[in-house]
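Notes to accompany the following structure.
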Amino acid sequence: MGSQALPTQNPDALMHFVQGRNALNTYFGTGRADALETAKGEFVAAENFDPSFALASFYVAVADNELRDADSAINRLEALTRRHIEFLPQAYLQLAYAHTKKYQEHHYFEALRVLDEAGKQAHLRKNDGLIALVEASRVFLLSVMGGRLEQPDHLSYLEKAIELGQRLVRDRTILKLAERQQILFEVHNALGIAFMRKGQFQEPFSKQQSAFWVKAREHYRTALEFNPIGARTLQNQGTLLILEGDQLHKNGKPEEARHCYAQALSTYQISFQLNSRDQFVHYRIAELFARLGDWDQAERFRSSGLKENGSVKPVKWDLLCRSIKMQDPSILIQNSRG
């Protein structure tokens, strides 16, 4: 490789960047949070040695996204999108993901706008893999919006997610792409969310609800076939079990509910072992221990979760705190949307 092809002319910056990429690849292959933290440290060092090293800045933002520091990722990525960089579609894609993970209404709509720009830039570069990744990310965003938006037409986003996701699943050309594993993981995970939320909004214990939740499980299982250490999918499986458990509890079946909660806890604990640097997984484990009446463990994970980055809303932490102080799981169960 000639010197002109190097992303930086600073040898120290390049050394730290290569070490960062090695650590990041280890993280993506194992899910180990320590490898992710090492990667971020190396990318920051590379950026410090060469402040104009755009690719190092990009990977700092990628690490921030994985570490659930969405604000830091957004700041870096917005700066990168104002520069003339070859990887502009990837920068927009990561920026959309960072906005999505803020879990706030205006961030969802900003993420949609950013995804449109990512798609435009991917088309300009005639990069079929990136084009498909953008659409897979759109399925994820739409499924999240359909489940979390408060506006009356929120269910329409679930229909859009399912329509686009199923179209991508049927697209045989994706199987020829180098990014096919990542694309199909994202699509099946997102379809699992969409069908989970559709079931959530059906009549409890109805045939329609059961059918949607069966489809959700099928898509989650398929997603994990493409990425066996997909922490997000493991968490989504746990969330579905919480929805089922809460429904059973509200309808006078506490023992069956406990069985669902115990299964959900095991699933979230596996996710926690993969990556404990996510506020959300601490919160979920804490509220599951609360549902199961293990108040010491509930308080332990509530305390540890408050020290991590993430987007769990203060009202949820307040409800969890009240539940623990009063040793009353119904506070969580009656106010939960999954």
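Lettering and numbering for the structure tokens are positional, with chains as A, B, ... in the shown order, residues counted from 1 in each chain, and ligands counted from 1 in the shown order.
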Task: Residues near Thr30 in chain A, cut-off 9 Å, only C-alpha atoms, skip fewer than 4 positions along chain, as a PyMOL selection string - done: chain A and resi 25-26+35+229+274
Taking 5 positions as the minimum chain separation for residues in the same chain, which residues sit within 6 Å of range 11-23 of chain A when counting only C-alpha atoms? Answer as a CSV table (one decimal) with N, CA and C atoms, in the first residue's frame.
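Saved the output as around13.csv:
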chain,number,residue,atom,x,y,z
A,35,ALA,N,-13.3,-5.8,25.2
A,35,ALA,CA,-12.7,-5.5,23.9
A,35,ALA,C,-13.3,-4.2,23.2
A,39,ALA,N,-11.1,-1.0,22.2
A,39,ALA,CA,-11.2,-0.5,20.8
A,39,ALA,C,-11.4,1.0,20.9
A,42,GLU,N,-8.3,2.9,21.8
A,42,GLU,CA,-7.3,3.0,20.7
A,42,GLU,C,-7.7,4.0,19.6
A,43,PHE,N,-9.0,4.0,19.3
A,43,PHE,CA,-9.5,5.0,18.3
A,43,PHE,C,-9.4,6.4,18.8
A,46,ALA,N,-5.8,7.3,18.4
A,46,ALA,CA,-5.5,7.6,17.0
A,46,ALA,C,-6.0,9.0,16.6
A,49,PHE,N,-3.6,11.7,18.1
A,49,PHE,CA,-2.4,11.8,17.3
A,49,PHE,C,-2.6,12.6,16.0
Task: In range 105-187 of chain A, DSSP alpha helix (DSSP H) residues written as a ChimeraX atom specification - done: /A:105-124,128-148,154-170,180-187
Task: Residues within 8 Å of Glu179 in chain A, only C-alpha atoms, excluding chain neighbours under 4 positions, as a PyMOL selection string - done: chain A and resi 129+133+183
Put those residues in a file: C-alpha atoms, as a JSON list (two decimals), in the first residue's frame.
[["chain", "number", "residue", "atom", "x", "y", "z"],
["A", 129, "GLY", "CA", -24.78, -3.73, 0.27],
["A", 133, "LEU", "CA", -28.31, -2.12, 5.13],
["A", 183, "ILE", "CA", -28.61, -7.33, 6.79]]
- [ ] Could you jot down the CA of Val187 in chain A to CA of Arg232 in chain A separation for me, Å, one decimal place?
- [x]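 Answer for the CA of Val187 in chain A to CA of Arg232 in chain A separation: 12.5 Å.
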Task: Non-local contacts of Ile242 in chain A (8 Å; only C-alpha atoms; under 2 positions in same chain excluded) as a VMD selection string - done: chain A and resid 238 to 240 244 to 246 260 to 261 264 338
File of the preceding selection, N, CA and C atoms, as a PDB file, in the first residue's frame:
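Output saved as again13.pdb:
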ATOM      1  N   GLY A 238     -36.413 -11.552  25.767  1.00  0.00           N
ATOM      2  CA  GLY A 238     -36.768 -11.349  27.170  1.00  0.00           C
ATOM      3  C   GLY A 238     -37.949 -10.420  27.330  1.00  0.00           C
ATOM      4  N   THR A 239     -38.002  -9.377  26.512  1.00  0.00           N
ATOM      5  CA  THR A 239     -39.121  -8.435  26.582  1.00  0.00           C
ATOM      6  C   THR A 239     -40.440  -9.116  26.245  1.00  0.00           C
ATOM      7  N   LEU A 240     -40.429  -9.993  25.259  1.00  0.00           N
ATOM      8  CA  LEU A 240     -41.655 -10.721  24.914  1.00  0.00           C
ATOM      9  C   LEU A 240     -42.113 -11.576  26.083  1.00  0.00           C
ATOM     10  N   GLU A 244     -45.706 -11.333  28.172  1.00  0.00           N
ATOM     11  CA  GLU A 244     -46.556 -12.497  28.466  1.00  0.00           C
ATOM     12  C   GLU A 244     -46.765 -12.650  29.964  1.00  0.00           C
ATOM     13  N   GLY A 245     -45.688 -12.466  30.731  1.00  0.00           N
ATOM     14  CA  GLY A 245     -45.795 -12.604  32.179  1.00  0.00           C
ATOM     15  C   GLY A 245     -46.716 -11.568  32.790  1.00  0.00           C
ATOM     16  N   ASP A 246     -46.593 -10.324  32.364  1.00  0.00           N
ATOM     17  CA  ASP A 246     -47.456  -9.270  32.898  1.00  0.00           C
ATOM     18  C   ASP A 246     -48.920  -9.536  32.560  1.00  0.00           C
ATOM     19  N   CYS A 260     -42.648 -17.110  33.315  1.00  0.00           N
ATOM     20  CA  CYS A 260     -42.210 -16.218  32.231  1.00  0.00           C
ATOM     21  C   CYS A 260     -41.115 -15.273  32.708  1.00  0.00           C
ATOM     22  N   TYR A 261     -41.283 -14.716  33.906  1.00  0.00           N
ATOM     23  CA  TYR A 261     -40.293 -13.784  34.435  1.00  0.00           C
ATOM     24  C   TYR A 261     -38.938 -14.474  34.636  1.00  0.00           C
ATOM     25  N   ALA A 264     -37.359 -14.897  31.307  1.00  0.00           N
ATOM     26  CA  ALA A 264     -36.890 -13.588  30.832  1.00  0.00           C
ATOM     27  C   ALA A 264     -35.592 -13.199  31.535  1.00  0.00           C
ATOM     28  N   GLY A 338     -43.720  -2.831  28.310  1.00  0.00           N
ATOM     29  CA  GLY A 338     -42.735  -3.735  27.736  1.00  0.00           C
ATOM     30  C   GLY A 338     -41.517  -3.019  27.216  1.00  0.00           C
TER      31      GLY A 338
END
Open item on the list: From the options A:Ala178, A:Leu155, A:Val60, A:Leu149, which residue's atoms come nearest to His106 in chain A, counting only C-alpha atoms?
Closed with: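 The answer is A:Leu149, which sits nearest to His106 in chain A.
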- [ ] Figure out the distance between CA of Arg302 in chain A and CA of Phe289 in chain A, please, to one decimal in Å.
- [x]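 Going from CA of Phe289 in chain A over to CA of Arg302 in chain A covers 10.1 Å.
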- [ ] Go through A:Arg125, A:Arg337, A:Arg68, A:Arg83 one by one, measure the shortest atom-to-atom distance of each to Thr100 in chain A using only C-alpha atoms, and give the residue with the smallest value.
- [x]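 When distances to Thr100 in chain A are compared using only C-alpha atoms, the smallest one comes from A:Arg68.
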Leu241 in chain A environment, 12 Å, only C-alpha atoms, sequence neighbours closer than 5 positions dropped, as a PDB file with N, CA and C atoms, in the first residue's frame:
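Dumped to out_22.pdb:
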ATOM      1  N   MET A 196     -44.007  -8.688  17.692  1.00  0.00           N
ATOM      2  CA  MET A 196     -44.188  -8.667  19.144  1.00  0.00           C
ATOM      3  C   MET A 196     -45.121  -7.524  19.541  1.00  0.00           C
ATOM      4  N   GLN A 200     -48.869  -7.416  21.181  1.00  0.00           N
ATOM      5  CA  GLN A 200     -49.102  -6.678  22.424  1.00  0.00           C
ATOM      6  C   GLN A 200     -50.390  -5.871  22.374  1.00  0.00           C
ATOM      7  N   TRP A 213     -47.290 -13.431  18.184  1.00  0.00           N
ATOM      8  CA  TRP A 213     -46.163 -13.732  19.061  1.00  0.00           C
ATOM      9  C   TRP A 213     -45.392 -14.968  18.603  1.00  0.00           C
ATOM     10  N   VAL A 214     -46.064 -15.906  17.975  1.00  0.00           N
ATOM     11  CA  VAL A 214     -45.357 -17.042  17.374  1.00  0.00           C
ATOM     12  C   VAL A 214     -44.424 -16.539  16.272  1.00  0.00           C
ATOM     13  N   ALA A 216     -43.156 -13.560  16.018  1.00  0.00           N
ATOM     14  CA  ALA A 216     -42.069 -12.804  16.651  1.00  0.00           C
ATOM     15  C   ALA A 216     -40.963 -13.746  17.094  1.00  0.00           C
ATOM     16  N   ARG A 217     -41.330 -14.833  17.739  1.00  0.00           N
ATOM     17  CA  ARG A 217     -40.323 -15.800  18.206  1.00  0.00           C
ATOM     18  C   ARG A 217     -39.555 -16.418  17.041  1.00  0.00           C
ATOM     19  N   LEU A 234     -31.514 -11.059  22.020  1.00  0.00           N
ATOM     20  CA  LEU A 234     -31.717 -11.743  23.299  1.00  0.00           C
ATOM     21  C   LEU A 234     -32.591 -10.889  24.220  1.00  0.00           C
ATOM     22  N   GLN A 235     -32.323  -9.592  24.242  1.00  0.00           N
ATOM     23  CA  GLN A 235     -33.133  -8.697  25.072  1.00  0.00           C
ATOM     24  C   GLN A 235     -34.576  -8.650  24.582  1.00  0.00           C
ATOM     25  N   ASN A 236     -34.758  -8.656  23.266  1.00  0.00           N
ATOM     26  CA  ASN A 236     -36.120  -8.636  22.724  1.00  0.00           C
ATOM     27  C   ASN A 236     -36.875  -9.916  23.078  1.00  0.00           C
ATOM     28  N   ASP A 246     -46.593 -10.324  32.364  1.00  0.00           N
ATOM     29  CA  ASP A 246     -47.456  -9.270  32.898  1.00  0.00           C
ATOM     30  C   ASP A 246     -48.920  -9.536  32.560  1.00  0.00           C
ATOM     31  N   GLN A 247     -49.157 -10.007  31.351  1.00  0.00           N
ATOM     32  CA  GLN A 247     -50.532 -10.315  30.949  1.00  0.00           C
ATOM     33  C   GLN A 247     -51.110 -11.435  31.802  1.00  0.00           C
ATOM     34  N   LEU A 248     -50.302 -12.454  32.061  1.00  0.00           N
ATOM     35  CA  LEU A 248     -50.759 -13.557  32.910  1.00  0.00           C
ATOM     36  C   LEU A 248     -51.028 -13.073  34.339  1.00  0.00           C
ATOM     37  N   GLU A 256     -47.874 -18.860  36.603  1.00  0.00           N
ATOM     38  CA  GLU A 256     -47.471 -18.889  35.197  1.00  0.00           C
ATOM     39  C   GLU A 256     -46.672 -17.643  34.851  1.00  0.00           C
ATOM     40  N   ALA A 257     -47.063 -16.518  35.443  1.00  0.00           N
ATOM     41  CA  ALA A 257     -46.321 -15.272  35.218  1.00  0.00           C
ATOM     42  C   ALA A 257     -44.891 -15.406  35.736  1.00  0.00           C
ATOM     43  N   ARG A 258     -44.720 -15.979  36.915  1.00  0.00           N
ATOM     44  CA  ARG A 258     -43.383 -16.152  37.493  1.00  0.00           C
ATOM     45  C   ARG A 258     -42.500 -16.988  36.570  1.00  0.00           C
ATOM     46  N   HIS A 259     -43.089 -17.995  35.948  1.00  0.00           N
ATOM     47  CA  HIS A 259     -42.322 -18.832  35.019  1.00  0.00           C
ATOM     48  C   HIS A 259     -41.799 -17.989  33.857  1.00  0.00           C
ATOM     49  N   CYS A 260     -42.648 -17.110  33.315  1.00  0.00           N
ATOM     50  CA  CYS A 260     -42.210 -16.218  32.231  1.00  0.00           C
ATOM     51  C   CYS A 260     -41.115 -15.273  32.708  1.00  0.00           C
ATOM     52  N   TYR A 261     -41.283 -14.716  33.906  1.00  0.00           N
ATOM     53  CA  TYR A 261     -40.293 -13.784  34.435  1.00  0.00           C
ATOM     54  C   TYR A 261     -38.938 -14.474  34.636  1.00  0.00           C
ATOM     55  N   ALA A 262     -38.973 -15.711  35.127  1.00  0.00           N
ATOM     56  CA  ALA A 262     -37.723 -16.449  35.348  1.00  0.00           C
ATOM     57  C   ALA A 262     -37.013 -16.717  34.022  1.00  0.00           C
ATOM     58  N   GLN A 263     -37.780 -17.072  32.995  1.00  0.00           N
ATOM     59  CA  GLN A 263     -37.190 -17.280  31.675  1.00  0.00           C
ATOM     60  C   GLN A 263     -36.617 -15.973  31.126  1.00  0.00           C
ATOM     61  N   ALA A 264     -37.359 -14.897  31.307  1.00  0.00           N
ATOM     62  CA  ALA A 264     -36.890 -13.588  30.832  1.00  0.00           C
ATOM     63  C   ALA A 264     -35.592 -13.199  31.535  1.00  0.00           C
ATOM     64  N   LEU A 265     -35.532 -13.435  32.840  1.00  0.00           N
ATOM     65  CA  LEU A 265     -34.330 -13.103  33.608  1.00  0.00           C
ATOM     66  C   LEU A 265     -33.120 -13.872  33.074  1.00  0.00           C
ATOM     67  N   SER A 266     -33.301 -15.156  32.795  1.00  0.00           N
ATOM     68  CA  SER A 266     -32.193 -15.951  32.255  1.00  0.00           C
ATOM     69  C   SER A 266     -31.714 -15.397  30.926  1.00  0.00           C
ATOM     70  N   THR A 267     -32.657 -14.969  30.092  1.00  0.00           N
ATOM     71  CA  THR A 267     -32.305 -14.421  28.786  1.00  0.00           C
ATOM     72  C   THR A 267     -31.544 -13.109  28.932  1.00  0.00           C
ATOM     73  N   TYR A 268     -32.016 -12.234  29.816  1.00  0.00           N
ATOM     74  CA  TYR A 268     -31.326 -10.967  30.023  1.00  0.00           C
ATOM     75  C   TYR A 268     -29.957 -11.168  30.673  1.00  0.00           C
ATOM     76  N   ARG A 284     -33.548  -3.831  33.167  1.00  0.00           N
ATOM     77  CA  ARG A 284     -34.426  -4.980  32.947  1.00  0.00           C
ATOM     78  C   ARG A 284     -34.194  -6.064  34.000  1.00  0.00           C
ATOM     79  N   LEU A 288     -36.936  -7.373  36.737  1.00  0.00           N
ATOM     80  CA  LEU A 288     -37.307  -8.791  36.764  1.00  0.00           C
ATOM     81  C   LEU A 288     -37.079  -9.377  38.150  1.00  0.00           C
ATOM     82  N   GLY A 338     -43.720  -2.831  28.310  1.00  0.00           N
ATOM     83  CA  GLY A 338     -42.735  -3.735  27.736  1.00  0.00           C
ATOM     84  C   GLY A 338     -41.517  -3.019  27.216  1.00  0.00           C
TER      85      GLY A 338
END
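Across the model, the gap from CA of Asp71 in chain A to CA of Met145 in chain A is 19.5 Å.
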Open item on the list: Give me, as a list in words, all polymer residues having an atom no more than 8 Å from Phe185 in chain A, counting only C-alpha atoms and skipping those fewer than 2 positions away in the same chain.
Closed with: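 Contacts, with the query itself left out: Gln181, Gln182, Ile183, Val187, His188, Asn189, Thr222, Ala223, Leu224, Phe226 and Asn227 of chain A.
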Serialized selection, N, CA and C atoms, as a CSV table (one decimal), in the first residue's frame:
chain,number,residue,atom,x,y,z
A,181,GLN,N,-25.1,-11.3,6.2
A,181,GLN,CA,-25.4,-11.8,7.6
A,181,GLN,C,-25.9,-10.6,8.4
A,182,GLN,N,-25.3,-9.5,8.3
A,182,GLN,CA,-25.7,-8.3,9.1
A,182,GLN,C,-27.1,-7.8,8.6
A,183,ILE,N,-27.3,-7.8,7.3
A,183,ILE,CA,-28.6,-7.3,6.8
A,183,ILE,C,-29.7,-8.2,7.3
A,187,VAL,N,-32.9,-7.4,9.8
A,187,VAL,CA,-34.3,-7.5,9.3
A,187,VAL,C,-35.1,-8.4,10.2
A,188,HIS,N,-34.6,-9.6,10.5
A,188,HIS,CA,-35.3,-10.6,11.3
A,188,HIS,C,-35.5,-10.1,12.7
A,189,ASN,N,-34.5,-9.4,13.3
A,189,ASN,CA,-34.7,-8.8,14.6
A,189,ASN,C,-35.8,-7.8,14.6
A,222,THR,N,-34.5,-16.8,14.1
A,222,THR,CA,-33.7,-16.7,12.8
A,222,THR,C,-32.7,-15.6,12.9
A,223,ALA,N,-33.0,-14.5,13.6
A,223,ALA,CA,-31.9,-13.5,13.7
A,223,ALA,C,-30.7,-14.0,14.5
A,224,LEU,N,-31.0,-14.8,15.5
A,224,LEU,CA,-29.8,-15.4,16.3
A,224,LEU,C,-29.1,-16.4,15.5
A,226,PHE,N,-28.3,-15.9,12.4
A,226,PHE,CA,-27.3,-15.0,11.7
A,226,PHE,C,-26.3,-14.4,12.6
A,227,ASN,N,-26.7,-14.2,13.9
A,227,ASN,CA,-25.7,-13.6,14.8
A,227,ASN,C,-26.0,-14.2,16.2
TODO: Within 12 Å of Phe87 in chain A, counting only C-alpha atoms, which residues show up once you throw out same-chain ones fewer than 5 positions away? Write them as a list in words, please.
DONE: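 Everything that qualifies: Pro7, Ala54, Leu55, Ala56, Ser57, Phe58, Tyr59, Leu77, Leu80, Thr81, Arg82, Tyr92, Leu93, Gln94, Ala118, Gln121, Ala122, Leu124, Arg125, Asn127 and Leu130 of chain A.
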Now that the selection is made, can you save its residues with C-alpha atoms as a JSON list (two decimals), in the first residue's frame?
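The resulting file, selection-v6.json, is reproduced below:
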[["chain", "number", "residue", "atom", "x", "y", "z"],
["A", 7, "PRO", "CA", -5.98, 7.07, 5.99],
["A", 54, "ALA", "CA", -11.80, 11.10, 9.93],
["A", 55, "LEU", "CA", -11.95, 7.31, 9.95],
["A", 56, "ALA", "CA", -10.66, 7.20, 13.53],
["A", 57, "SER", "CA", -13.37, 9.68, 14.55],
["A", 58, "PHE", "CA", -15.97, 7.52, 12.81],
["A", 59, "TYR", "CA", -14.92, 4.44, 14.75],
["A", 77, "LEU", "CA", -21.13, 11.87, 13.39],
["A", 80, "LEU", "CA", -18.28, 13.99, 10.02],
["A", 81, "THR", "CA", -21.31, 14.40, 7.75],
["A", 82, "ARG", "CA", -20.23, 17.99, 7.11],
["A", 92, "TYR", "CA", -25.30, 8.69, 8.17],
["A", 93, "LEU", "CA", -26.26, 5.09, 8.98],
["A", 94, "GLN", "CA", -24.52, 5.22, 12.35],
["A", 118, "ALA", "CA", -27.83, 7.53, 3.96],
["A", 121, "GLN", "CA", -25.49, 8.58, -0.59],
["A", 122, "ALA", "CA", -25.41, 4.78, -0.93],
["A", 124, "LEU", "CA", -24.84, 7.70, -5.51],
["A", 125, "ARG", "CA", -22.02, 5.26, -4.79],
["A", 127, "ASN", "CA", -23.25, 0.29, -3.24],
["A", 130, "LEU", "CA", -25.11, -0.33, 1.88]]
